[in-house]
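What follows is the content of my_file_4.csv, which has CSV, C-alpha atoms and all ligand atoms:
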chain,number,residue,atom,x,y,z
A,228,MET,CA,-127.8,35.2,-172.6
A,229,ALA,CA,-124.7,35.6,-170.5
A,230,VAL,CA,-124.3,34.0,-167.2
A,231,VAL,CA,-123.2,36.7,-164.8
A,232,ILE,CA,-120.5,35.7,-162.2
A,233,ALA,CA,-119.2,37.8,-159.4
A,234,VAL,CA,-115.8,37.1,-158.0
A,235,ALA,CA,-116.1,38.1,-154.4
A,236,ASN,CA,-114.3,38.0,-151.1
A,237,GLN,CA,-114.1,41.0,-148.7
A,238,LYS,CA,-110.5,40.1,-148.0
A,239,GLY,CA,-107.9,41.6,-150.2
A,240,GLY,CA,-105.1,39.6,-151.9
A,241,VAL,CA,-106.9,36.3,-152.1
A,242,GLY,CA,-106.8,36.0,-155.9
A,243,LYS,CA,-110.0,37.6,-157.0
A,244,SER,CA,-108.5,39.7,-159.8
A,245,THR,CA,-106.2,36.9,-160.9
A,246,THR,CA,-109.1,34.6,-161.1
A,247,ALA,CA,-111.3,37.0,-163.1
A,248,VAL,CA,-108.5,37.8,-165.6
A,249,ASN,CA,-107.4,34.2,-166.2
A,250,LEU,CA,-110.8,32.7,-166.3
A,251,ALA,CA,-112.1,35.3,-168.7
A,252,ALA,CA,-109.1,34.8,-171.0
A,253,ALA,CA,-109.3,31.0,-170.8
A,254,LEU,CA,-113.0,31.1,-171.8
A,255,GLY,CA,-112.4,33.6,-174.5
A,256,LYS,CA,-109.8,31.2,-176.0
A,257,ARG,CA,-112.5,28.6,-176.1
A,258,GLY,CA,-114.6,30.8,-178.4
A,259,LYS,CA,-116.9,32.2,-175.6
A,260,LYS,CA,-117.7,35.9,-175.7
A,261,VAL,CA,-116.6,37.4,-172.4
A,262,LEU,CA,-117.1,40.7,-170.7
A,263,CYS,CA,-115.1,41.6,-167.6
A,264,ILE,CA,-116.3,44.4,-165.3
A,265,ASP,CA,-113.8,45.9,-163.0
A,266,SER,CA,-115.5,47.0,-159.9
A,267,ASP,CA,-112.5,47.8,-157.7
A,268,ALA,CA,-110.9,51.3,-157.6
A,269,GLN,CA,-107.5,49.6,-157.6
A,270,GLY,CA,-108.2,48.6,-161.2
A,271,ASN,CA,-106.1,45.4,-161.1
A,272,LEU,CA,-108.4,43.7,-163.6
A,273,THR,CA,-108.0,46.7,-166.0
A,274,SER,CA,-104.2,46.7,-165.7
A,275,GLY,CA,-104.1,42.9,-165.7
A,276,PHE,CA,-105.3,43.1,-169.4
A,277,GLY,CA,-102.6,45.6,-170.2
A,278,ILE,CA,-105.0,48.6,-170.3
A,279,LYS,CA,-103.3,51.9,-169.5
A,280,LYS,CA,-105.6,53.7,-167.1
A,281,LYS,CA,-104.4,57.1,-168.1
A,282,SER,CA,-105.7,56.5,-171.6
A,283,LEU,CA,-109.3,55.9,-170.4
A,284,GLU,CA,-112.0,58.5,-171.0
A,285,PHE,CA,-114.8,56.7,-169.4
A,286,THR,CA,-115.0,53.8,-166.8
A,287,VAL,CA,-117.5,51.7,-164.8
A,288,TYR,CA,-117.9,54.8,-162.6
A,289,ASP,CA,-119.7,56.7,-165.3
A,290,ALA,CA,-122.0,53.8,-165.9
A,291,LEU,CA,-122.9,53.4,-162.2
A,292,LEU,CA,-123.7,57.1,-161.9
A,293,GLY,CA,-125.8,56.9,-165.0
A,294,ARG,CA,-123.8,59.4,-167.1
A,295,LYS,CA,-123.0,56.7,-169.7
A,296,THR,CA,-124.6,53.4,-170.7
A,297,LEU,CA,-122.6,50.2,-170.1
A,298,SER,CA,-122.1,49.7,-173.9
A,299,ASP,CA,-120.5,53.2,-174.0
A,300,VAL,CA,-117.8,52.2,-171.6
A,301,ILE,CA,-117.0,48.7,-172.9
A,302,ILE,CA,-113.6,48.5,-174.6
A,303,PRO,CA,-111.9,45.5,-176.4
A,304,THR,CA,-108.8,43.9,-174.9
A,305,ASP,CA,-105.9,42.4,-176.9
A,306,PHE,CA,-107.1,38.9,-175.8
A,307,LYS,CA,-109.4,36.8,-177.9
A,308,ASN,CA,-113.1,37.4,-177.3
A,309,VAL,CA,-112.6,39.4,-174.1
A,310,SER,CA,-113.9,42.9,-173.6
A,311,ILE,CA,-113.7,45.0,-170.4
A,312,VAL,CA,-115.5,47.7,-168.5
A,313,PRO,CA,-112.4,49.3,-166.9
A,314,ALA,CA,-112.0,51.0,-163.5
A,315,THR,CA,-109.7,53.6,-162.2
A,316,SER,CA,-109.3,55.3,-158.8
A,317,ASP,CA,-112.3,57.4,-159.6
A,318,LEU,CA,-114.4,54.5,-158.4
A,319,ALA,CA,-113.1,55.1,-154.8
A,320,GLY,CA,-115.8,57.7,-154.2
A,321,ALA,CA,-118.6,55.7,-155.8
A,322,ASP,CA,-119.7,54.0,-152.6
A,323,ILE,CA,-120.6,57.3,-150.9
A,324,GLU,CA,-122.1,58.8,-154.1
A,325,LEU,CA,-124.3,55.8,-154.7
A,326,ILE,CA,-126.0,56.1,-151.3
A,327,GLU,CA,-127.7,59.2,-152.5
A,328,LEU,CA,-129.1,57.6,-155.7
A,329,GLU,CA,-132.3,55.8,-156.4
A,330,ASN,CA,-132.0,52.0,-156.8
A,331,ARG,CA,-128.5,52.3,-155.3
A,332,GLN,CA,-128.1,48.5,-155.0
A,333,SER,CA,-129.3,47.6,-158.5
A,334,ARG,CA,-127.6,50.1,-160.7
A,335,LEU,CA,-125.0,47.7,-162.0
A,336,LYS,CA,-127.7,45.1,-162.6
A,337,MET,CA,-129.8,47.5,-164.7
A,338,GLN,CA,-126.7,48.3,-166.8
A,339,ILE,CA,-125.8,44.7,-167.3
A,340,LEU,CA,-129.3,43.8,-168.5
A,341,THR,CA,-128.7,46.0,-171.5
A,342,VAL,CA,-125.7,44.0,-172.7
A,343,LYS,CA,-126.5,40.5,-171.3
A,344,ALA,CA,-127.6,39.2,-174.7
A,345,ASP,CA,-124.2,40.1,-176.3
A,346,PHE,CA,-122.0,37.8,-174.2
A,347,ASP,CA,-121.7,34.2,-173.0
A,348,TYR,CA,-120.0,35.1,-169.7
A,349,ILE,CA,-119.8,38.4,-167.7
A,350,PHE,CA,-117.4,38.4,-164.8
A,351,ILE,CA,-117.5,41.1,-162.1
A,352,ASP,CA,-114.3,41.6,-160.1
A,353,CYS,CA,-115.3,42.9,-156.7
A,354,PRO,CA,-113.4,45.2,-154.3
A,355,PRO,CA,-112.1,43.8,-151.0
A,356,SER,CA,-115.1,44.9,-148.9
A,357,LEU,CA,-118.8,44.2,-148.4
A,358,SER,CA,-119.5,47.7,-149.6
A,359,LEU,CA,-122.3,48.9,-151.9
A,360,LEU,CA,-120.1,48.1,-154.9
A,361,THR,CA,-120.0,44.4,-153.8
A,362,VAL,CA,-123.8,44.5,-153.1
A,363,ASN,CA,-124.3,45.9,-156.6
A,364,ALA,CA,-122.2,43.0,-158.0
A,365,LEU,CA,-124.2,40.4,-156.0
A,366,CYS,CA,-127.5,41.9,-157.1
A,367,ALA,CA,-126.5,41.7,-160.7
A,368,SER,CA,-125.1,38.1,-160.6
A,369,ASP,CA,-126.4,34.7,-161.3
A,370,THR,CA,-123.6,33.1,-159.3
A,371,VAL,CA,-120.6,33.9,-157.2
A,372,ILE,CA,-117.0,32.5,-157.2
A,373,ILE,CA,-115.4,32.8,-153.8
A,374,PRO,CA,-111.6,32.6,-154.0
A,375,LEU,CA,-110.2,31.5,-150.6
A,376,GLN,CA,-106.7,31.5,-149.4
A,377,CYS,CA,-106.0,28.6,-147.1
A,378,GLU,CA,-105.1,30.4,-144.0
A,379,PHE,CA,-106.3,30.7,-140.4
A,380,HIS,CA,-108.9,33.4,-140.7
A,381,ALA,CA,-110.3,32.2,-144.0
A,382,LEU,CA,-113.3,30.4,-142.6
A,383,GLU,CA,-114.4,33.4,-140.5
A,384,GLY,CA,-114.4,35.6,-143.5
A,385,LEU,CA,-116.2,33.0,-145.6
A,386,SER,CA,-119.1,32.7,-143.2
A,387,GLN,CA,-119.5,36.5,-143.2
A,388,LEU,CA,-119.5,36.6,-147.0
A,389,VAL,CA,-122.0,33.7,-147.2
A,390,GLU,CA,-124.3,35.7,-144.8
A,391,SER,CA,-124.1,38.7,-147.1
A,392,ILE,CA,-125.0,36.5,-150.1
A,393,LYS,CA,-128.0,35.1,-148.2
A,394,LEU,CA,-129.2,38.6,-147.3
A,395,VAL,CA,-128.9,39.7,-151.0
A,396,LYS,CA,-130.8,36.6,-152.0
A,397,LEU,CA,-133.6,37.3,-149.5
A,398,ARG,CA,-134.0,41.0,-150.3
A,399,PHE,CA,-132.9,41.6,-153.9
A,400,ASN,CA,-131.8,38.6,-155.9
A,401,PRO,CA,-133.7,35.3,-155.1
A,402,ASN,CA,-131.9,33.3,-157.8
A,403,ILE,CA,-128.3,34.0,-156.8
A,404,ASP,CA,-126.3,30.9,-156.1
A,405,ILE,CA,-122.7,30.1,-155.2
A,406,GLU,CA,-120.8,28.9,-158.3
A,407,GLY,CA,-118.0,27.6,-156.1
A,408,ILE,CA,-115.4,28.1,-153.5
A,409,LEU,CA,-112.0,28.2,-155.1
A,410,PHE,CA,-108.9,27.4,-153.1
A,411,THR,CA,-106.1,29.7,-154.2
A,412,MET,CA,-102.4,30.0,-153.6
A,413,TYR,CA,-102.4,26.4,-152.4
A,414,ASP,CA,-99.3,25.1,-150.9
A,415,GLY,CA,-99.7,21.4,-150.1
A,416,ARG,CA,-96.6,21.4,-147.9
A,417,LEU,CA,-98.4,23.4,-145.2
A,418,GLN,CA,-100.4,21.5,-142.6
A,419,LEU,CA,-102.8,24.4,-142.1
A,420,THR,CA,-103.7,24.3,-145.8
A,421,HIS,CA,-105.1,20.7,-145.5
A,422,GLN,CA,-107.0,21.7,-142.3
A,423,VAL,CA,-108.7,24.6,-144.0
A,424,VAL,CA,-109.5,22.6,-147.2
A,425,ASN,CA,-111.1,19.8,-145.1
A,426,GLU,CA,-113.0,22.2,-142.9
A,427,VAL,CA,-114.5,24.1,-145.9
A,428,LYS,CA,-115.4,20.9,-147.7
A,429,LYS,CA,-117.2,19.7,-144.5
A,430,HIS,CA,-119.3,22.9,-144.4
A,431,PHE,CA,-119.8,23.2,-148.2
A,432,PRO,CA,-119.6,19.7,-149.6
A,433,THR,CA,-121.2,20.5,-152.9
A,434,LYS,CA,-119.8,24.0,-153.3
A,435,THR,CA,-116.0,23.6,-153.7
A,436,PHE,CA,-114.4,23.5,-157.1
A,437,GLU,CA,-112.4,20.4,-157.9
A,438,THR,CA,-109.7,22.6,-159.4
A,439,ILE,CA,-107.3,24.0,-156.9
A,440,ILE,CA,-105.1,26.9,-157.8
A,441,PRO,CA,-101.5,26.4,-156.6
A,442,ARG,CA,-99.2,29.1,-155.5
A,443,ASN,CA,-97.3,29.9,-158.7
A,444,VAL,CA,-94.9,32.7,-159.4
A,445,ARG,CA,-96.0,32.9,-163.1
A,446,LEU,CA,-99.4,34.0,-161.9
A,447,SER,CA,-97.9,36.9,-160.0
A,448,GLU,CA,-95.5,37.9,-162.8
A,449,ALA,CA,-98.1,38.0,-165.6
A,450,PRO,CA,-99.9,41.3,-164.5
A,451,SER,CA,-96.7,43.3,-164.8
A,452,TYR,CA,-96.6,42.3,-168.5
A,453,GLY,CA,-100.3,43.3,-168.8
A,454,MET,CA,-101.2,39.7,-169.8
A,455,PRO,CA,-103.4,37.0,-168.3
A,456,CYS,CA,-101.1,34.1,-167.2
A,457,VAL,CA,-103.0,31.8,-169.6
A,458,TYR,CA,-101.3,33.8,-172.4
A,459,TYR,CA,-98.1,34.8,-170.6
A,460,ASP,CA,-97.0,31.3,-169.8
A,461,LYS,CA,-99.6,28.8,-170.9
A,462,ASN,CA,-97.6,25.8,-169.7
A,463,SER,CA,-97.1,27.0,-166.2
A,464,LYS,CA,-98.9,25.2,-163.4
A,465,GLY,CA,-100.9,28.4,-162.6
A,466,ALA,CA,-102.1,28.8,-166.2
A,467,GLN,CA,-103.1,25.2,-166.4
A,468,SER,CA,-105.0,25.3,-163.2
A,469,TYR,CA,-107.1,28.2,-164.5
A,470,GLU,CA,-107.6,26.4,-167.8
A,471,SER,CA,-109.0,23.5,-165.9
A,472,LEU,CA,-111.2,25.8,-163.8
A,473,ALA,CA,-112.6,27.2,-167.1
A,474,ASP,CA,-113.5,23.6,-168.1
A,475,GLU,CA,-115.3,23.1,-164.9
A,476,ILE,CA,-117.3,26.3,-165.2
A,477,ALA,CA,-118.1,25.7,-168.9
A,478,ALA,CA,-119.4,22.2,-167.8
A,479,ASN,CA,-121.6,23.9,-165.2
A,480,HIS,CA,-123.1,26.1,-167.8
A,481,LYS,CA,-123.7,23.9,-170.8
A,482,PRO,CA,-126.1,25.6,-173.2
A,483,ARG,CA,-129.6,24.1,-172.6
A,484,LYS,CA,-130.7,21.7,-175.3
A,485,ILE,CA,-133.7,22.8,-177.1
A,486,LEU,CA,-136.0,19.8,-177.4
A,487,SER,CA,-137.3,19.1,-180.8
A,488,ALA,CA,-140.7,17.5,-181.3
B,501,LIG,N1,-102.0,31.4,-157.2
B,501,LIG,C1,-101.1,32.4,-157.0
B,501,LIG,N2,-99.8,32.2,-156.9
B,501,LIG,C2,-99.0,33.2,-156.7
B,501,LIG,N3,-99.3,34.5,-156.6
B,501,LIG,C3,-100.6,34.8,-156.8
B,501,LIG,C4,-101.6,33.8,-157.0
B,501,LIG,N4,-102.8,34.3,-157.1
B,501,LIG,C5,-102.6,35.7,-157.0
B,501,LIG,N5,-101.3,36.0,-156.8
B,501,LIG,C6,-100.7,37.3,-156.6
B,501,LIG,O1,-101.2,37.7,-155.3
B,501,LIG,C7,-101.5,39.1,-155.3
B,501,LIG,C8,-103.0,39.2,-154.9
B,501,LIG,O2,-103.8,38.6,-155.9
B,501,LIG,P1,-105.1,39.3,-156.5
B,501,LIG,O3,-105.7,38.5,-157.5
B,501,LIG,O4,-104.8,40.7,-156.9
B,501,LIG,O5,-106.1,39.3,-155.2
B,501,LIG,P2,-107.4,40.2,-154.9
B,501,LIG,O6,-108.0,40.6,-156.2
B,501,LIG,O7,-108.2,39.3,-154.1
B,501,LIG,O8,-106.9,41.4,-154.1
B,501,LIG,C9,-101.2,39.6,-156.7
B,501,LIG,O9,-99.9,40.2,-156.6
B,501,LIG,C10,-101.2,38.3,-157.5
B,501,LIG,O10,-100.4,38.5,-158.6
B,502,MG,MG,-108.5,42.5,-156.9

Is it possible to express this structure as structure tokens?
Amino acid sequence: MAVVIAVANQKGGVGKSTTAVNLAAALGKRGKKVLCIDSDAQGNLTSGFGIKKKSLEFTVYDALLGRKTLSDVIIPTDFKNVSIVPATSDLAGADIELIELENRQSRLKMQILTVKADFDYIFIDCPPSLSLLTVNALCASDTVIIPLQCEFHALEGLSQLVESIKLVKLRFNPNIDIEGILFTMYDGRLQLTHQVVNEVKKHFPTKTFETIIPRNVRLSEAPSYGMPCVYYDKNSKGAQSYESLADEIAANHKPRKILSA
């Protein structure tokens, strides 16, 4: 059974899609079967795997509205063991359309349940908002990765997101947990960076990943080649940091030993 992990932060440009693409690819390299679900109308996860949006017949939008099943809209990527449910700008209207529908917050969850046995990890790349699409992702997920850029307003946004996760936990998904807070685009030369890291660690001592993602130009170049950075330049600092994050996550989700008599 797959562990379902949402990558969420209502702020844009903090490294959500970069994290989803590289983590999925790194775990795929290790022999894990991975599904990525793009739940952002910008479709950065989709293009990050080199998938041409114009070529797509069906997307996550069709599955959310119930016109297609999730397995109908899964396509393979060129990267080992990684499949994707793509998104295009169609998804922009979904938030409003979902309001009218039954079980509007659990539509993605229902769909994921039908494929959960086929994968080891399912990552959901969330949009930069606390909209119904993000609520759908949180309802469907076992855990959440929160990428955080070390800047002045980061903490404010973080407490808002944590409140939303608590609400979802209370109302819809009692087992949801925070997988970890991930510091991204880290620049150790900046004083503010250290302050933010220390402050977050003080509030969430057990919830920050040991791995820190540095600011690295290779990570920002890779999407224009339609490749995860862990393939584009596997020796770069950026790629190596995502490899070590993959190790950390794999260690958190070791398959349970089945006790023999
Ligand atoms: N660690 C990093 N170093 C340098 N650039 C990065 C890093 N992480 C992400 N980027 C770049 O920053 C931009 C925003 O990242 P992205 O992952 O798309 O954020 P989000 O999905 O949260 O909006 C993208 O252009 C991406 O390539
Ligand atoms: Mg994104």

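Interatomic distance, CA of Asp474 (chain A) to CA of Ile439 (chain A): 12.8 Å.
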
Inset, instruction - Skip Ser244 (chain A) itself and residues of its chain fewer than 3 positions away, then list as a PyMOL selection string all residues within 12 Å of it, counting only C-alpha atoms. - result: chain A and resi 233-236+238-241+247-251+263-267+269-276+350-355+372-374+411+446-447+450+455-456

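For the pair CA of Ile440 (chain A) and CA of Gly465 (chain A), the interatomic distance is 6.6 Å.
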
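For the atom pair formed by CA of Arg331 (chain A) and CA of Thr370 (chain A), the distance is 20.2 Å, given to one decimal.
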
Legend entry - Which of A:Tyr452, A:Phe431, A:Phe346, A:Tyr413 sits closest to ligand LIG 501 (chain B) [using all atoms listed in the file]: A:Tyr413

Inset, instruction - Take the point (-128.4, 42.3, -169.3) in the file's coordinates, draw a sphere of radius 10 Å around it, and report as a list in words every protein, DNA or RNA residue with an atom inside or on it, counting all atoms listed in the file. - result: Met228, Ala229, Val230, Val231, Leu297, Leu335, Lys336, Met337, Gln338, Ile339, Leu340, Thr341, Val342, Lys343, Ala344, Asp345, Phe346, Ile349 and Ala367 of chain A

How would the residues just picked look written out with C-alpha atoms as a tab-separated table (two decimals), in the frame of the given file?
chain	number	residue	atom	x	y	z
A	228	MET	CA	-127.80	35.20	-172.60
A	229	ALA	CA	-124.70	35.60	-170.50
A	230	VAL	CA	-124.30	34.00	-167.20
A	231	VAL	CA	-123.20	36.70	-164.80
A	297	LEU	CA	-122.60	50.20	-170.10
A	335	LEU	CA	-125.00	47.70	-162.00
A	336	LYS	CA	-127.70	45.10	-162.60
A	337	MET	CA	-129.80	47.50	-164.70
A	338	GLN	CA	-126.70	48.30	-166.80
A	339	ILE	CA	-125.80	44.70	-167.30
A	340	LEU	CA	-129.30	43.80	-168.50
A	341	THR	CA	-128.70	46.00	-171.50
A	342	VAL	CA	-125.70	44.00	-172.70
A	343	LYS	CA	-126.50	40.50	-171.30
A	344	ALA	CA	-127.60	39.20	-174.70
A	345	ASP	CA	-124.20	40.10	-176.30
A	346	PHE	CA	-122.00	37.80	-174.20
A	349	ILE	CA	-119.80	38.40	-167.70
A	367	ALA	CA	-126.50	41.70	-160.70

Near Val444 (chain A), counting all atoms listed in the file, which residues have an atom at most 10 Å away, once you skip same-chain residues fewer than 5 positions from it, shown as a PDB file with C-alpha atoms, keeping the file's coordinate frame?
ATOM      1  CA  MET A 412    -102.400  30.000-153.600  1.00  0.00           C
ATOM      2  CA  ALA A 449     -98.100  38.000-165.600  1.00  0.00           C
ATOM      3  CA  SER A 463     -97.100  27.000-166.200  1.00  0.00           C
ATOM      4  CA  LYS A 464     -98.900  25.200-163.400  1.00  0.00           C
ATOM      5  CA  GLY A 465    -100.900  28.400-162.600  1.00  0.00           C
TER       6      GLY A 465
END

Legend entry - Selected residue of minimal separation from Ser386 (chain A) among A:His421, A:Lys461, A:His430, A:Arg294, counting all atoms listed in the file: A:His430

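Each of A:Glu426, A:Glu324, A:Glu329, A:Glu437 was checked against Leu360 (chain A) using all atoms listed in the file; the smallest atom-to-atom distance is that of A:Glu324.
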
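Distance check against Leu328 (chain A) using only C-alpha atoms: of A:Val424, A:Leu292, A:Ala381, A:Ala466, the minimum falls on A:Leu292.
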
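Considering the residues A:Val287, A:Leu409, A:Ile326, A:Ala314 and counting all atoms listed in the file, ligand MG 502 (chain B) has its shortest atom-to-atom contact with A:Ala314.
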
Since the input lacks some atoms of region 418-428 of chain A, please model all heavy atoms and print them as an mmCIF file, in the coordinates of the input.
data_model
loop_
_atom_site.group_PDB
_atom_site.id
_atom_site.type_symbol
_atom_site.label_atom_id
_atom_site.label_comp_id
_atom_site.auth_asym_id
_atom_site.auth_seq_id
_atom_site.Cartn_x
_atom_site.Cartn_y
_atom_site.Cartn_z
ATOM 1 N N GLN A 418 -99.377 22.206 -143.301
ATOM 2 C CA GLN A 418 -100.400 21.500 -142.600
ATOM 3 C C GLN A 418 -101.718 22.227 -142.539
ATOM 4 O O GLN A 418 -102.795 21.677 -142.762
ATOM 5 C CB GLN A 418 -99.880 21.164 -141.171
ATOM 6 C CG GLN A 418 -100.781 20.276 -140.346
ATOM 7 C CD GLN A 418 -100.979 18.896 -140.986
ATOM 8 O OE1 GLN A 418 -100.106 18.412 -141.707
ATOM 9 N NE2 GLN A 418 -102.116 18.285 -140.747
ATOM 10 N N LEU A 419 -101.616 23.520 -142.263
ATOM 11 C CA LEU A 419 -102.800 24.400 -142.100
ATOM 12 C C LEU A 419 -103.670 24.335 -143.376
ATOM 13 O O LEU A 419 -104.896 24.345 -143.311
ATOM 14 C CB LEU A 419 -102.366 25.804 -141.803
ATOM 15 C CG LEU A 419 -103.498 26.815 -141.588
ATOM 16 C CD1 LEU A 419 -104.320 26.430 -140.368
ATOM 17 C CD2 LEU A 419 -102.937 28.220 -141.418
ATOM 18 N N THR A 420 -102.998 24.297 -144.537
ATOM 19 C CA THR A 420 -103.700 24.300 -145.800
ATOM 20 C C THR A 420 -104.702 23.094 -145.837
ATOM 21 O O THR A 420 -105.860 23.269 -146.192
ATOM 22 C CB THR A 420 -102.681 24.084 -146.949
ATOM 23 O OG1 THR A 420 -101.803 25.184 -146.910
ATOM 24 C CG2 THR A 420 -103.338 24.010 -148.302
ATOM 25 N N HIS A 421 -104.222 21.920 -145.444
ATOM 26 C CA HIS A 421 -105.100 20.700 -145.500
ATOM 27 C C HIS A 421 -106.248 20.896 -144.496
ATOM 28 O O HIS A 421 -107.374 20.516 -144.783
ATOM 29 C CB HIS A 421 -104.287 19.478 -145.121
ATOM 30 C CG HIS A 421 -103.211 19.204 -146.126
ATOM 31 N ND1 HIS A 421 -103.484 18.685 -147.365
ATOM 32 C CD2 HIS A 421 -101.877 19.417 -146.084
ATOM 33 C CE1 HIS A 421 -102.353 18.560 -148.039
ATOM 34 N NE2 HIS A 421 -101.367 19.005 -147.297
ATOM 35 N N GLN A 422 -105.963 21.476 -143.333
ATOM 36 C CA GLN A 422 -107.000 21.700 -142.300
ATOM 37 C C GLN A 422 -108.121 22.585 -142.882
ATOM 38 O O GLN A 422 -109.305 22.297 -142.759
ATOM 39 C CB GLN A 422 -106.458 22.285 -141.056
ATOM 40 C CG GLN A 422 -105.675 21.279 -140.226
ATOM 41 C CD GLN A 422 -104.921 21.951 -139.086
ATOM 42 O OE1 GLN A 422 -105.095 23.144 -138.826
ATOM 43 N NE2 GLN A 422 -104.075 21.196 -138.409
ATOM 44 N N VAL A 423 -107.696 23.687 -143.510
ATOM 45 C CA VAL A 423 -108.700 24.600 -144.000
ATOM 46 C C VAL A 423 -109.506 23.980 -145.138
ATOM 47 O O VAL A 423 -110.737 24.069 -145.147
ATOM 48 C CB VAL A 423 -107.994 25.938 -144.538
ATOM 49 C CG1 VAL A 423 -108.985 26.842 -145.252
ATOM 50 C CG2 VAL A 423 -107.355 26.690 -143.377
ATOM 51 N N VAL A 424 -108.836 23.294 -146.064
ATOM 52 C CA VAL A 424 -109.500 22.600 -147.200
ATOM 53 C C VAL A 424 -110.577 21.643 -146.611
ATOM 54 O O VAL A 424 -111.744 21.641 -147.020
ATOM 55 C CB VAL A 424 -108.568 21.945 -148.134
ATOM 56 C CG1 VAL A 424 -109.302 21.037 -149.114
ATOM 57 C CG2 VAL A 424 -107.753 22.984 -148.898
ATOM 58 N N ASN A 425 -110.153 20.822 -145.653
ATOM 59 C CA ASN A 425 -111.100 19.800 -145.100
ATOM 60 C C ASN A 425 -112.266 20.468 -144.392
ATOM 61 O O ASN A 425 -113.409 20.020 -144.537
ATOM 62 C CB ASN A 425 -110.342 18.907 -144.110
ATOM 63 C CG ASN A 425 -109.389 17.989 -144.855
ATOM 64 O OD1 ASN A 425 -109.574 17.730 -146.049
ATOM 65 N ND2 ASN A 425 -108.349 17.523 -144.168
ATOM 66 N N GLU A 426 -111.981 21.519 -143.650
ATOM 67 C CA GLU A 426 -113.000 22.200 -142.900
ATOM 68 C C GLU A 426 -114.063 22.847 -143.875
ATOM 69 O O GLU A 426 -115.263 22.710 -143.702
ATOM 70 C CB GLU A 426 -112.361 23.317 -142.065
ATOM 71 C CG GLU A 426 -113.166 23.839 -140.908
ATOM 72 C CD GLU A 426 -113.404 22.791 -139.823
ATOM 73 O OE1 GLU A 426 -112.723 21.728 -139.810
ATOM 74 O OE2 GLU A 426 -114.283 23.033 -139.009
ATOM 75 N N VAL A 427 -113.564 23.496 -144.925
ATOM 76 C CA VAL A 427 -114.500 24.100 -145.900
ATOM 77 C C VAL A 427 -115.300 23.068 -146.608
ATOM 78 O O VAL A 427 -116.510 23.221 -146.796
ATOM 79 C CB VAL A 427 -113.679 24.993 -146.914
ATOM 80 C CG1 VAL A 427 -114.587 25.474 -148.044
ATOM 81 C CG2 VAL A 427 -113.038 26.180 -146.218
ATOM 82 N N LYS A 428 -114.647 21.967 -146.980
ATOM 83 C CA LYS A 428 -115.400 20.900 -147.700
ATOM 84 C C LYS A 428 -116.454 20.281 -146.793
ATOM 85 O O LYS A 428 -117.498 19.842 -147.276
ATOM 86 C CB LYS A 428 -114.407 19.813 -148.165
ATOM 87 C CG LYS A 428 -113.645 20.243 -149.404
ATOM 88 C CD LYS A 428 -112.856 19.093 -149.990
ATOM 89 C CE LYS A 428 -112.316 19.471 -151.359
ATOM 90 N NZ LYS A 428 -111.282 18.531 -151.809
#
